[in-house]
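Chemist: I have a structure I would like to understand better, so I am pasting it below and will then ask my questions one at a time.
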Amino acid sequence: MHSDDPLAELVALLGRLPGIGERTATRLAYFVLSEDAAYAHALSGSLAALHERVRRCASCGNFTSSDRCRICTDARRDGAILCVVARVPDLVAIERAGNYRGRYHVLHALLAPLDGMSADRIDIAALAQRIRDEDVREVVLATPLSVEGEATALYVAQSLRSLPVRISRIASGIPHGGELEFADQVTLGRAFEGRKDL
């Protein structure tokens, strides 16, 4: 770090955030500097307290400031359907779409042996116990459509085979507005496999 240069230190710290390059980090640092000191203090206080104020939901693993998240405590949600996601941002994306009304289970990991993420990092026992305790009828695997996501979905599906639960996988295919000529072979193949009657 650049302890003798506080601006360079802030740029370096902001640059470690995902999707933030050096130019964006520099813009953000100058923005914070241009605001009054109260904003910088509020921002730093919020960041400093984040790990103390936010925890994982005791039921699903979502981030929350209480013991259970708002989705798990919402009686209008269908507890018989459980959507398994890799990370909380995936849950947020599904919620933003607005058509899923079940509950979630966040793995907080994907199988990636080359990166040291082996099967023992995925708590299948907790997921299986939840399925039994909450009388879940369907598990929807919504891991990313990547090598790691597919391997994780397959591992979870195989691990849950002994339970009396339907296991499904989210469909994949051509994005809305996407051009067929630019789609890769796997995406096109999945689009045909997932076709449905009109």
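Starting from 1 in every chain, residues are counted up; chains themselves are A, B, ... following the order of the structure tokens, and ligands are numbered from 1 as listed.
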So that I can see what lies close to stretch 181-198 of chain A, please list as a PyMOL selection string the residues with an atom at most 8 Å from it, counting only C-alpha atoms and leaving out residues fewer than 3 positions away in the same chain.

Modeler: chain A and resi 171-174+178

Chemist: I'd like the contact shell of stretch 4-11 of chain A - 9 Å cut-off, only C-alpha atoms, skipping same-chain residues fewer than 3 positions apart - returned as a list in words.

Modeler: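 Selected residues are Met1, Leu14, Gly15, Arg16, Glu22, Arg23, Thr24, Ala25, Thr26, Arg27, Leu28, Ala29, Tyr30 and Leu33 of chain A.
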
Chemist: Within 9 Å of A:Cys72, counting only C-alpha atoms, which residues show up once you throw out same-chain ones fewer than 3 positions away? Write them as a PyMOL selection string, please.

Modeler: chain A and resi 57+59-60+68-69+75+77+79+103-104

Chemist: Selection from above, C-alpha atoms, as a short mmCIF file (atom, residue, chain, number, x, y, z; two decimals), in the first residue's frame, can you write it?

Modeler:
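File out.cif, as written:
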```cif
data_model
loop_
_atom_site.label_atom_id
_atom_site.label_comp_id
_atom_site.auth_asym_id
_atom_site.auth_seq_id
_atom_site.Cartn_x
_atom_site.Cartn_y
_atom_site.Cartn_z
CA CYS A 57 -29.15 -16.16 7.06
CA SER A 59 -31.78 -20.88 6.90
CA CYS A 60 -30.60 -20.13 3.38
CA ARG A 68 -33.17 -14.99 9.06
CA CYS A 69 -33.50 -13.02 5.82
CA ALA A 75 -44.96 -16.56 4.52
CA ARG A 77 -43.08 -17.71 -0.49
CA GLY A 79 -41.38 -23.38 0.78
CA ARG A 103 -37.10 -20.04 -1.35
CA TYR A 104 -33.32 -20.23 -1.83
#
```

Chemist: With distances taken over only C-alpha atoms, which residue among A:Ala119, A:His41, A:Cys83, A:Pro144 lies nearest A:Ser168?

Modeler: A:Cys83

Chemist: Could you check which of A:Leu141, A:Ser44, A:Gly19, A:Leu107 is closest to A:Ala125, using only C-alpha atoms?

Modeler: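 Counting only C-alpha atoms, the residue closest to A:Ala125 is A:Leu107.
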
Chemist: Nearest to A:Asp78 among A:Glu52, A:Asp115, A:Glu134, A:Glu35, with distances taken over only C-alpha atoms: which residue is it?

Modeler: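 With only C-alpha atoms as the atom set, the closest residue is A:Glu134.
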
Chemist: In stretch 44-83 of chain A, what's strand (DSSP E or B) per DSSP? Answer as a ChimeraX atom specification?

Modeler: /A:55-56,63-64,78-83

Chemist: Which residue out of A:Ala128, A:Arg169, A:Asp90, A:Gly61 has the minimum interatomic distance to A:His105 when only C-alpha atoms are used?

Modeler: A:Gly61

Chemist: So that I can see what lies close to A:Ser66, please list as a list in words the residues with an atom at most 10 Å from it, counting only C-alpha atoms and leaving out residues fewer than 3 positions away in the same chain.

Modeler: Arg53, Val54, Arg55, Arg56, Cys57, Ala58, Phe63, Cys69 and Arg70 of chain A

Chemist: Could you please take those selected residues and save C-alpha atoms as a compact mmCIF listing (two decimals), in the first residue's frame?

Modeler:
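Result saved to part.txt:
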```
# COMPACT_ATOMS: atom_id res chain seq x y z
CA ARG A 53 -23.81 -5.89 11.00
CA VAL A 54 -24.31 -8.35 8.13
CA ARG A 55 -24.30 -12.13 8.49
CA ARG A 56 -25.51 -15.18 6.63
CA CYS A 57 -29.15 -16.16 7.06
CA ALA A 58 -29.40 -19.18 9.36
CA PHE A 63 -26.85 -11.93 3.56
CA CYS A 69 -33.50 -13.02 5.82
CA ARG A 70 -36.69 -11.39 4.53
```

Chemist: To one decimal place in Å, what is the distance between atom CA of A:Leu50 and atom CA of A:Ser65?

Modeler: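 According to the coordinates, atom CA of A:Leu50 and atom CA of A:Ser65 are separated by 9.5 Å.
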
Chemist: Rounded to one decimal, what separation in Å do you get between atom CA of A:Leu82 and atom CA of A:Arg121?

Modeler: 20.0 Å

Chemist: Can you tell me how far atom CA of A:Ile20 sits from atom CA of A:Asn62, in Å to one decimal?

Modeler: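 These two atoms are separated by 23.9 Å.
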